[in-house]
$ cat work_27.csv   # CSV, C-alpha atoms
chain,number,residue,atom,x,y,z
A,1,MET,CA,-27.2,-6.0,-18.0
A,2,LYS,CA,-23.8,-6.2,-16.2
A,3,GLN,CA,-23.4,-2.5,-16.3
A,4,LYS,CA,-26.9,-2.0,-14.8
A,5,THR,CA,-26.1,-4.5,-12.1
A,6,ARG,CA,-22.8,-2.8,-11.3
A,7,MET,CA,-24.6,0.6,-11.1
A,8,MET,CA,-27.0,-0.9,-8.6
A,9,VAL,CA,-24.1,-2.3,-6.6
A,10,VAL,CA,-22.4,1.1,-6.5
A,11,ALA,CA,-25.6,2.8,-5.5
A,12,LEU,CA,-26.2,0.3,-2.7
A,13,ALA,CA,-22.7,0.4,-1.5
A,14,LEU,CA,-22.7,4.2,-1.4
A,15,ALA,CA,-25.9,4.2,0.5
A,16,LEU,CA,-24.4,1.9,3.1
A,17,LEU,CA,-21.3,4.1,3.3
A,18,MET,CA,-23.5,7.1,4.0
A,19,VAL,CA,-25.1,5.2,6.9
A,20,LEU,CA,-21.7,4.1,8.2
A,21,ALA,CA,-20.3,7.7,8.0
A,22,ALA,CA,-23.0,8.7,10.5
A,23,CYS,CA,-21.9,6.1,13.0
A,24,SER,CA,-19.0,6.3,15.3
A,25,ALA,CA,-15.7,5.1,13.8
A,26,PRO,CA,-12.0,5.2,14.2
A,27,ALA,CA,-10.1,8.5,13.8
A,28,LYS,CA,-9.8,10.2,10.5
A,29,THR,CA,-7.4,8.7,7.9
A,30,GLU,CA,-5.8,10.0,4.8
A,31,THR,CA,-8.2,9.5,1.8
A,32,THR,CA,-5.7,8.8,-0.9
A,33,SER,CA,-4.1,6.0,-2.8
A,34,GLU,CA,-0.9,7.9,-3.5
A,35,LYS,CA,1.5,5.3,-2.1
A,36,ALA,CA,1.8,3.9,-5.4
A,37,PRO,CA,2.0,0.8,-7.4
A,38,GLU,CA,4.4,-1.2,-5.9
A,39,THR,CA,6.7,-7.8,-3.7
A,40,THR,CA,7.1,-10.2,-6.1
A,41,ALA,CA,5.2,-13.2,-5.1
A,42,GLU,CA,6.6,-16.7,-5.8
A,43,ALA,CA,6.3,-17.3,-9.6
A,44,VAL,CA,2.9,-18.4,-10.7
A,45,LYS,CA,1.4,-19.6,-14.0
A,46,PRO,CA,-0.3,-16.9,-16.1
A,47,ALA,CA,-4.0,-16.9,-15.8
A,48,GLU,CA,-4.6,-18.3,-19.3
A,49,ASN,CA,-2.6,-21.4,-18.2
A,50,ALA,CA,-4.3,-21.8,-14.9
A,51,THR,CA,-5.2,-25.2,-13.5
A,52,GLU,CA,-8.4,-26.6,-15.0
A,53,PRO,CA,-11.4,-26.2,-12.7
A,54,ALA,CA,-11.6,-28.7,-9.9
A,55,ALA,CA,-8.2,-30.3,-10.8
A,56,GLU,CA,-6.5,-29.1,-7.6
A,57,ALA,CA,-9.7,-29.1,-5.5
A,58,GLY,CA,-10.5,-32.7,-6.3
A,59,GLU,CA,-12.5,-34.3,-9.0
A,60,ASP,CA,-15.7,-34.3,-7.0
A,61,TYR,CA,-15.4,-30.7,-5.8
A,62,GLU,CA,-18.0,-28.3,-7.1
A,63,TRP,CA,-17.1,-24.6,-6.9
A,64,PRO,CA,-19.8,-22.4,-5.4
A,65,GLU,CA,-21.1,-19.6,-7.5
A,66,MET,CA,-20.2,-16.2,-5.9
A,67,THR,CA,-19.4,-12.6,-6.8
A,68,ILE,CA,-16.8,-10.9,-4.6
A,69,ILE,CA,-16.9,-7.1,-4.5
A,70,VAL,CA,-13.4,-5.6,-4.4
A,71,ALA,CA,-12.6,-1.9,-3.9
A,72,HIS,CA,-9.4,-0.1,-4.4
A,73,THR,CA,-8.4,3.5,-5.2
A,74,ALA,CA,-5.8,3.0,-8.1
A,75,VAL,CA,-6.9,4.5,-11.4
A,76,THR,CA,-7.6,2.0,-14.2
A,77,THR,CA,-4.4,2.9,-16.0
A,78,ASP,CA,-2.4,2.1,-12.9
A,79,VAL,CA,-0.4,-1.2,-12.8
A,80,ARG,CA,-2.1,-2.1,-9.5
A,81,HIS,CA,-5.4,-2.3,-11.3
A,82,ALA,CA,-3.8,-4.4,-14.0
A,83,GLY,CA,-2.7,-6.8,-11.2
A,84,TRP,CA,-6.3,-7.0,-10.0
A,85,GLU,CA,-7.6,-7.7,-13.4
A,86,PHE,CA,-5.0,-10.5,-13.8
A,87,ALA,CA,-6.1,-11.9,-10.4
A,88,ALA,CA,-9.7,-11.9,-11.5
A,89,GLU,CA,-8.9,-13.8,-14.7
A,90,HIS,CA,-6.8,-16.3,-12.8
A,91,LEU,CA,-9.6,-17.0,-10.3
A,92,SER,CA,-12.2,-17.3,-13.0
A,93,ASN,CA,-10.1,-19.8,-14.9
A,94,LEU,CA,-9.3,-21.7,-11.8
A,95,THR,CA,-13.0,-22.1,-10.8
A,96,GLY,CA,-14.5,-22.5,-14.2
A,97,GLY,CA,-16.1,-19.0,-14.0
A,98,LYS,CA,-17.9,-19.8,-10.8
A,99,ILE,CA,-16.1,-17.3,-8.6
A,100,VAL,CA,-15.9,-13.7,-9.8
A,101,LEU,CA,-14.0,-10.7,-8.6
A,102,ASP,CA,-16.1,-7.7,-9.3
A,103,ILE,CA,-13.5,-4.9,-9.1
A,104,TYR,CA,-14.4,-1.3,-8.4
A,105,PRO,CA,-11.2,0.9,-9.0
A,106,ALA,CA,-10.5,4.6,-8.6
A,107,GLY,CA,-12.5,5.1,-5.4
A,108,GLN,CA,-15.8,4.2,-7.1
A,109,LEU,CA,-17.1,2.8,-3.8
A,110,GLY,CA,-15.6,5.5,-1.6
A,111,THR,CA,-12.4,6.8,-0.1
A,112,THR,CA,-9.8,4.5,1.5
A,113,ARG,CA,-11.4,5.1,4.9
A,114,GLU,CA,-14.9,4.4,3.6
A,115,THR,CA,-14.0,1.2,1.8
A,116,THR,CA,-12.0,-0.1,4.8
A,117,GLU,CA,-15.0,0.5,7.0
A,118,ALA,CA,-17.4,-1.0,4.5
A,119,THR,CA,-15.2,-4.1,4.5
A,120,ALA,CA,-15.2,-4.2,8.3
A,121,THR,CA,-19.0,-4.1,8.4
A,122,GLY,CA,-19.5,-6.5,5.5
A,123,ALA,CA,-21.0,-4.0,3.1
A,124,ILE,CA,-18.4,-5.2,0.7
A,125,GLN,CA,-16.2,-8.3,0.9
A,126,MET,CA,-12.7,-7.1,0.0
A,127,SER,CA,-10.6,-4.0,-0.4
A,128,GLN,CA,-7.0,-3.0,-0.8
A,129,ASN,CA,-5.4,0.0,0.8
A,130,PRO,CA,-2.0,1.3,2.1
A,131,PRO,CA,-1.2,0.4,5.8
A,132,ALA,CA,-1.7,4.1,6.9
A,133,ASN,CA,-5.3,4.0,5.8
A,134,ILE,CA,-6.1,0.8,7.7
A,135,GLU,CA,-4.1,1.8,10.8
A,136,PRO,CA,-7.0,3.4,12.7
A,137,PHE,CA,-8.8,0.0,12.5
A,138,ALA,CA,-5.6,-1.9,13.2
A,139,PRO,CA,-3.0,0.2,15.0
A,140,THR,CA,-0.3,-2.4,14.7
A,141,LEU,CA,0.0,-1.4,11.0
A,142,GLY,CA,1.6,1.9,12.1
A,143,ILE,CA,4.8,-0.1,12.2
A,144,MET,CA,5.1,0.4,8.5
A,145,ASN,CA,5.7,4.2,9.0
A,146,ILE,CA,8.7,3.7,11.3
A,147,PRO,CA,11.8,5.0,9.4
A,148,TYR,CA,14.2,2.3,8.4
A,149,LEU,CA,12.0,-0.5,9.7
A,150,LEU,CA,13.2,-2.6,6.7
A,151,PRO,CA,16.7,-3.0,5.2
A,152,SER,CA,17.4,-0.2,2.6
A,153,ASN,CA,18.4,-2.7,0.0
A,154,TYR,CA,15.3,-3.4,-2.1
A,155,GLU,CA,15.6,-7.2,-2.4
A,156,ASP,CA,16.4,-7.6,1.3
A,157,GLY,CA,13.4,-5.4,2.3
A,158,LYS,CA,11.2,-7.4,0.1
A,159,ALA,CA,12.4,-10.7,1.6
A,160,VAL,CA,11.6,-9.4,5.1
A,161,LEU,CA,8.1,-8.1,4.1
A,162,LYS,CA,7.2,-11.4,2.4
A,163,GLY,CA,8.5,-13.6,5.2
A,164,PRO,CA,7.5,-14.3,8.8
A,165,ALA,CA,7.5,-10.5,9.6
A,166,GLY,CA,4.9,-9.8,6.9
A,167,GLU,CA,2.8,-12.8,7.9
A,168,ALA,CA,2.8,-11.5,11.5
A,169,LEU,CA,1.8,-8.1,10.3
A,170,LEU,CA,-1.2,-9.6,8.4
A,171,GLU,CA,-2.2,-11.7,11.5
A,172,SER,CA,-2.1,-8.7,13.7
A,173,ILE,CA,-5.0,-7.1,11.8
A,174,SER,CA,-7.4,-9.8,13.1
A,175,ASN,CA,-6.3,-9.2,16.7
A,176,ASN,CA,-7.9,-5.8,16.8
A,177,ASN,CA,-11.5,-7.0,16.8
A,178,SER,CA,-12.2,-4.7,13.9
A,179,GLY,CA,-14.0,-7.2,11.7
A,180,LEU,CA,-11.1,-7.2,9.3
A,181,LYS,CA,-8.6,-9.9,8.2
A,182,GLY,CA,-5.5,-9.3,6.2
A,183,ILE,CA,-4.8,-11.9,3.5
A,184,ALA,CA,-2.1,-10.4,1.2
A,185,ILE,CA,0.6,-7.8,1.0
A,186,TRP,CA,1.5,-6.3,-2.3
A,187,ASP,CA,5.0,-4.8,-1.9
A,188,ALA,CA,6.0,-1.4,-3.2
A,189,LEU,CA,9.2,0.6,-3.6
A,190,TYR,CA,10.5,2.9,-0.9
A,191,ASN,CA,8.8,6.3,-0.7
A,192,CYS,CA,10.7,9.4,-1.8
A,193,TYR,CA,10.8,13.0,-0.7
A,194,THR,CA,10.7,15.9,-3.1
A,195,SER,CA,11.7,19.5,-2.2
A,196,ASN,CA,12.7,22.8,-3.6
A,197,VAL,CA,15.5,22.9,-1.0
A,198,ASP,CA,18.8,21.2,-1.4
A,199,PHE,CA,18.9,18.6,1.3
A,200,ARG,CA,22.7,18.1,0.9
A,201,LYS,CA,23.4,21.6,2.2
A,202,THR,CA,21.8,21.0,5.6
A,203,GLU,CA,21.9,17.2,5.7
A,204,ASP,CA,18.4,17.2,7.2
A,205,LEU,CA,15.0,18.9,6.6
A,206,SER,CA,15.7,21.9,8.7
A,207,GLY,CA,13.1,24.5,8.3
A,208,GLN,CA,11.2,22.7,5.6
A,209,LYS,CA,7.5,22.2,5.5
A,210,ILE,CA,6.8,18.7,4.2
A,211,ARG,CA,3.4,17.3,3.3
A,212,ILE,CA,2.7,13.8,4.7
A,213,MET,CA,-0.2,11.3,4.9
A,214,SER,CA,-1.9,11.5,8.3
A,215,SER,CA,0.3,9.6,10.7
A,216,ALA,CA,1.7,10.5,14.1
A,217,ILE,CA,4.8,8.4,13.4
A,218,SER,CA,5.5,10.1,10.1
A,219,GLU,CA,5.0,13.5,11.8
A,220,GLN,CA,7.6,12.6,14.4
A,221,ALA,CA,10.0,11.5,11.7
A,222,ILE,CA,9.8,14.8,10.0
A,223,LYS,CA,10.2,16.6,13.3
A,224,SER,CA,13.3,14.5,14.2
A,225,TRP,CA,14.8,15.6,10.9
A,226,GLY,CA,14.3,19.3,11.6
A,227,GLY,CA,11.2,19.8,9.4
A,228,THR,CA,7.5,20.6,10.0
A,229,ALA,CA,5.0,17.9,8.9
A,230,ILE,CA,1.9,19.2,7.1
A,231,VAL,CA,-1.1,16.9,6.7
A,232,MET,CA,-2.9,18.1,3.6
A,233,ASP,CA,-5.5,16.7,1.3
A,234,LEU,CA,-4.0,15.1,-1.9
A,235,SER,CA,-6.0,17.5,-4.1
A,236,GLU,CA,-4.2,20.5,-2.6
A,237,VAL,CA,-0.6,19.4,-2.8
A,238,TYR,CA,0.4,20.4,-6.3
A,239,THR,CA,-0.8,24.0,-5.8
A,240,ALA,CA,0.8,24.2,-2.4
A,241,LEU,CA,4.1,23.1,-3.9
A,242,GLN,CA,3.7,25.5,-6.7
A,243,THR,CA,2.9,28.5,-4.5
A,244,GLY,CA,5.5,27.6,-1.9
A,245,ALA,CA,3.0,27.0,0.9
A,246,ILE,CA,4.9,23.8,1.5
A,247,ASP,CA,8.5,23.0,0.5
A,248,GLY,CA,8.1,19.4,-0.3
A,249,GLN,CA,6.2,16.1,0.1
A,250,GLU,CA,6.6,12.4,0.8
A,251,SER,CA,5.0,9.8,-1.4
A,252,GLY,CA,5.6,6.8,-3.6
A,253,ILE,CA,7.7,7.4,-6.7
A,254,GLY,CA,5.2,6.2,-9.2
A,255,ALA,CA,1.6,6.8,-8.4
A,256,GLY,CA,2.5,9.6,-5.9
A,257,THR,CA,5.2,11.9,-7.2
A,258,TYR,CA,5.0,10.9,-10.9
A,259,SER,CA,1.2,10.4,-11.4
A,260,ASN,CA,0.5,13.7,-9.6
A,261,LYS,CA,3.2,15.5,-11.6
A,262,TYR,CA,4.9,17.0,-8.5
A,263,TYR,CA,8.1,16.9,-10.5
A,264,GLU,CA,6.8,19.9,-12.5
A,265,VAL,CA,7.0,22.1,-9.4
A,266,GLN,CA,9.9,20.6,-7.5
A,267,LYS,CA,13.7,20.8,-7.9
A,268,TYR,CA,15.0,17.7,-6.1
A,269,LEU,CA,13.8,14.1,-5.5
A,270,TYR,CA,15.5,12.3,-2.7
A,271,ARG,CA,15.5,8.5,-2.2
A,272,PHE,CA,15.8,8.1,1.6
A,273,ASN,CA,15.0,4.4,1.5
A,274,SER,CA,13.3,5.0,4.8
A,275,VAL,CA,9.6,4.0,4.5
A,276,ARG,CA,8.5,1.0,2.3
A,277,GLY,CA,5.3,1.4,0.4
A,278,ALA,CA,2.8,-1.5,0.5
A,279,PHE,CA,-0.8,-2.4,-0.3
A,280,ILE,CA,-2.7,-4.7,2.0
A,281,THR,CA,-5.7,-6.7,0.9
A,282,ILE,CA,-8.3,-7.0,3.7
A,283,VAL,CA,-11.5,-9.0,3.8
A,284,ASN,CA,-14.5,-9.1,6.1
A,285,GLU,CA,-13.4,-11.6,8.7
A,286,ALA,CA,-16.8,-13.2,9.3
A,287,TRP,CA,-17.3,-13.6,5.5
A,288,TRP,CA,-13.9,-15.1,5.0
A,289,ASN,CA,-14.2,-17.5,7.9
A,290,GLY,CA,-17.4,-18.8,6.4
A,291,LEU,CA,-15.8,-19.8,3.1
A,292,ASP,CA,-14.7,-23.3,2.3
A,293,THR,CA,-10.9,-23.8,2.7
A,294,LYS,CA,-10.6,-24.6,-1.0
A,295,VAL,CA,-12.3,-21.3,-1.9
A,296,GLN,CA,-9.9,-19.4,0.4
A,297,ASP,CA,-6.9,-21.1,-1.2
A,298,ALA,CA,-8.2,-20.3,-4.7
A,299,ILE,CA,-8.5,-16.6,-3.8
A,300,THR,CA,-5.1,-16.3,-2.2
A,301,GLU,CA,-3.5,-18.1,-5.1
A,302,SER,CA,-5.1,-15.7,-7.5
A,303,LEU,CA,-4.0,-12.7,-5.5
A,304,ALA,CA,-0.4,-14.1,-5.7
A,305,ALA,CA,-0.8,-14.4,-9.4
A,306,GLY,CA,-2.1,-10.8,-9.6
A,307,GLU,CA,0.7,-9.5,-7.5
A,308,ALA,CA,3.4,-11.2,-9.6
A,309,HIS,CA,1.9,-9.6,-12.7
A,310,TYR,CA,1.6,-6.2,-11.0
A,311,ASP,CA,5.1,-6.4,-9.7
A,312,GLU,CA,6.6,-7.0,-13.1
A,313,LEU,CA,4.7,-4.1,-14.6
A,314,ARG,CA,5.5,-1.9,-11.6
A,315,LEU,CA,9.3,-2.1,-11.9
A,316,ALA,CA,9.1,-1.1,-15.5
A,317,ARG,CA,6.7,1.8,-14.7
A,318,GLU,CA,8.9,3.0,-11.9
A,319,GLN,CA,11.9,3.2,-14.2
A,320,GLU,CA,9.8,5.1,-16.8
A,321,ALA,CA,8.7,7.5,-14.0
A,322,LEU,CA,12.3,8.1,-13.0
A,323,ASP,CA,13.5,8.6,-16.6
A,324,THR,CA,10.7,11.2,-17.2
A,325,MET,CA,11.2,13.0,-13.9
A,326,SER,CA,15.0,13.2,-14.4
A,327,GLN,CA,14.3,15.7,-17.2
A,328,TYR,CA,12.6,18.1,-14.7
A,329,LEU,CA,14.4,17.6,-11.3
A,330,GLU,CA,17.6,16.2,-9.9
A,331,ILE,CA,17.3,12.7,-8.5
A,332,ILE,CA,19.5,12.1,-5.5
A,333,ASP,CA,20.3,8.8,-3.7
A,334,LEU,CA,21.4,9.3,-0.1
A,335,THR,CA,24.7,7.8,1.0
A,336,PRO,CA,24.8,5.1,3.6
A,337,GLU,CA,26.2,7.6,6.0
A,338,GLN,CA,23.3,10.0,5.5
A,339,GLU,CA,20.8,7.2,5.9
A,340,THR,CA,22.4,6.1,9.2
A,341,LYS,CA,22.2,9.7,10.4
A,342,LEU,CA,18.5,10.0,9.6
A,343,LYS,CA,17.8,6.6,11.1
A,344,GLU,CA,19.6,7.5,14.4
A,345,ALA,CA,17.7,10.8,14.6
A,346,ALA,CA,14.2,9.4,14.1
A,347,GLN,CA,13.8,5.7,14.7
A,348,SER,CA,13.8,5.6,18.5
A,349,SER,CA,11.3,8.3,19.0
A,350,CYS,CA,9.0,6.9,16.3
A,351,GLN,CA,9.1,3.5,17.9
A,352,GLU,CA,8.1,5.1,21.2
A,353,ILE,CA,5.0,6.6,19.6
A,354,TYR,CA,4.2,3.3,18.0
A,355,LEU,CA,4.5,1.4,21.3
A,356,GLN,CA,2.3,4.0,23.1
A,357,THR,CA,-0.5,3.0,20.8
A,358,THR,CA,0.0,-0.7,20.4
A,359,GLY,CA,1.5,-1.9,23.7
A,360,ASP,CA,2.6,-5.5,24.0
A,361,ALA,CA,1.2,-6.4,20.5
A,362,GLY,CA,3.3,-3.7,18.9
A,363,LYS,CA,6.4,-4.8,20.9
A,364,ALA,CA,6.0,-8.4,19.7
A,365,LEU,CA,5.7,-7.3,16.1
A,366,LEU,CA,8.7,-5.0,16.4
A,367,ASP,CA,10.7,-7.9,17.8
A,368,ILE,CA,9.8,-10.2,14.8
A,369,PHE,CA,10.8,-7.5,12.3
A,370,ALA,CA,14.1,-7.0,14.2
A,371,GLN,CA,14.8,-10.8,14.1
A,372,GLU,CA,14.1,-10.9,10.4
A,373,ASN,CA,16.2,-7.8,9.6
A,374,ALA,CA,19.1,-9.3,11.4
A,375,LYS,CA,19.3,-11.9,8.7
A,376,TYR,CA,20.3,-9.2,6.2
A,377,ASN,CA,22.7,-7.0,8.3

$ encode --input "work_27.csv" --output "structure tokens"
Amino acid sequence: MKQKTRMMVVALALALLMVLAACSAPAKTETTSEKAPETTAEAVKPAENATEPAAEAGEDYEWPEMTIIVAHTAVTTDVRHAGWEFAAEHLSNLTGGKIVLDIYPAGQLGTTRETTEATATGAIQMSQNPPANIEPFAPTLGIMNIPYLLPSNYEDGKAVLKGPAGEALLESISNNNSGLKGIAIWDALYNCYTSNVDFRKTEDLSGQKIRIMSSAISEQAIKSWGGTAIVMDLSEVYTALQTGAIDGQESGIGAGTYSNKYYEVQKYLYRFNSVRGAFITIVNEAWWNGLDTKVQDAITESLAAGEAHYDELRLAREQEALDTMSQYLEIIDLTPEQETKLKEAAQSSCQEIYLQTTGDAGKALLDIFAQENAKYN
């Protein structure tokens, strides 16, 4: 019966998405989940040990019965999906089974663009996508593509993203009148670049054609480093690398480079520590505002539990990916001097493009990130 119900939901959602696609919408975005599994939330109890129903909400509180449709594009074997399953179990335990996260992974309800738009219109309640895929609906999220926005040290970068700067980033989504609200950031590792050209011989990407996700800021970064940015559908990247149509690509280490097996057709993997991957959970703002505060708190607590589980699995998966890929290509960490050179070449011009799009709102967000970064420099 549940399978039949899920099939009906999928059919209805897809029908709604077809209607939405015919309507005017923000500019085209990348339709991929490649910025892979990837901060650790404050430690939470495992779902099986979750607080008994109504204990935190008060003895007289009765949880409403509801099913929340959640869409993401990670495959079911991805640690991000495992995090969502953990969150669903935590929420079910917390509410005595009254509130259910009905999760549709692997793009079952559409591309990242389609699920973001469906969330904005209320066709579904919740989805999770990388910032670049939400950016056309909330331009302030373009800040995440600015090179060296965060400290290159992993823990320092995580602290900034999970502190006031990350909170301001989420709040900025609601300020775009898109119908969306950001309620959680799941941190990821820094993206990597792979190439068949030895970066160390040129100290930049001179002459290289590098595939990126659709982003004017990312395009400017590649240009600043002497390369040519190529926006290409994810399904075409492996063959393009294999044939030499492009020299390299930018993506997450795990679900990007590793999951798509780019290491089979590349010679070098460079860790620039320039752009931090992340996944942002968005909800339909009107729906969220209509929920009881206790329900909102239960959902955000469960997302934190799912993130903590995902984060623990992700670190192990990333190391597994690096160990495997090291048998095929050379893994190279840039020196601090090289990172400084790249930052000086690209950051200013990328910030200019960002501010042209976001104005005062973008400037305010940049200032908050700068203040938080200063704590770790």

$ residues_around --input "work_27.csv" --residues "Ile212 (chain A)" --least-positions-apart "2" --cutoff "6 Å" --atoms "all atoms listed in the file" --output "JSON, numbers by chain"
{"A": [230, 231, 250]}

$ residues_around --input "work_27.csv" --residues "Asn177 (chain A)" --least-positions-apart "4" --cutoff "12 Å" --atoms "all atoms listed in the file" --output "CSV table (one decimal) with C-alpha atoms, in the coordinates of the input"
chain,number,residue,atom,x,y,z
A,120,ALA,CA,-15.2,-4.2,8.3
A,121,THR,CA,-19.0,-4.1,8.4
A,137,PHE,CA,-8.8,0.0,12.5
A,138,ALA,CA,-5.6,-1.9,13.2
A,139,PRO,CA,-3.0,0.2,15.0
A,171,GLU,CA,-2.2,-11.7,11.5
A,172,SER,CA,-2.1,-8.7,13.7
A,173,ILE,CA,-5.0,-7.1,11.8
A,181,LYS,CA,-8.6,-9.9,8.2
A,284,ASN,CA,-14.5,-9.1,6.1
A,285,GLU,CA,-13.4,-11.6,8.7
A,286,ALA,CA,-16.8,-13.2,9.3

$ atom_distance --input "work_27.csv" --atom1 "CA of Ile143 (chain A)" --atom2 "CA of Lys375 (chain A)"
19.0 Å

$ residues_near_point --input "work_27.csv" --point "(12.5, 7.6, -14.1)" --cutoff "12 Å" --atoms "all atoms listed in the file" --output "list of chain:residue names"
A:Ile253, A:Gly254, A:Thr257, A:Tyr258, A:Ser259, A:Tyr263, A:Leu269, A:Leu315, A:Ala316, A:Arg317, A:Glu318, A:Gln319, A:Glu320, A:Ala321, A:Leu322, A:Asp323, A:Thr324, A:Met325, A:Ser326, A:Gln327, A:Tyr328, A:Leu329, A:Glu330, A:Ile331, A:Ile332

$ residues_around --input "work_27.csv" --residues "region 101-108 of chain A" --least-positions-apart "2" --cutoff "8 Å" --atoms "all atoms listed in the file" --output "list in words"
Val10, Thr67, Ile68, Ile69, Val70, Ala71, His72, Thr73, Ala74, Val75, Thr76, His81, Trp84, Glu85, Ala88, Leu91, Ile99, Gly110, Thr111 and Thr112 of chain A

$ atom_distance --input "work_27.csv" --atom1 "CA of Lys363 (chain A)" --atom2 "CA of Gly277 (chain A)"
21.4 Å

$ residues_near_point --input "work_27.csv" --point "(10.5, 16.2, 0.5)" --cutoff "7 Å" --atoms "all atoms listed in the file" --output "compact mmCIF listing (two decimals) with C-alpha atoms, in the frame of the given file"
# COMPACT_ATOMS: atom_id res chain seq x y z
CA TYR A 193 10.80 13.00 -0.70
CA THR A 194 10.70 15.90 -3.10
CA SER A 195 11.70 19.50 -2.20
CA ILE A 210 6.80 18.70 4.20
CA GLY A 248 8.10 19.40 -0.30
CA GLN A 249 6.20 16.10 0.10
CA GLU A 250 6.60 12.40 0.80

$ atom_distance --input "work_27.csv" --atom1 "CA of Ile217 (chain A)" --atom2 "CA of Phe369 (chain A)"
17.0 Å

$ closest_residue --input "work_27.csv" --among "A:Gly83, A:Pro136, A:Pro131, A:Gly97" --to "Thr357 (chain A)" --atoms "only C-alpha atoms"
A:Pro136

$ residues_around --input "work_27.csv" --residues "Pro336 (chain A)" --least-positions-apart "2" --cutoff "12 Å" --atoms "all atoms listed in the file" --output "VMD selection string"
chain A and resid 148 151 to 153 271 to 274 333 to 334 338 to 343

$ closest_residue --input "work_27.csv" --among "A:Gly227, A:Gly122, A:Gly362, A:Pro130" --to "Asn176 (chain A)" --atoms "all atoms listed in the file"
A:Gly362
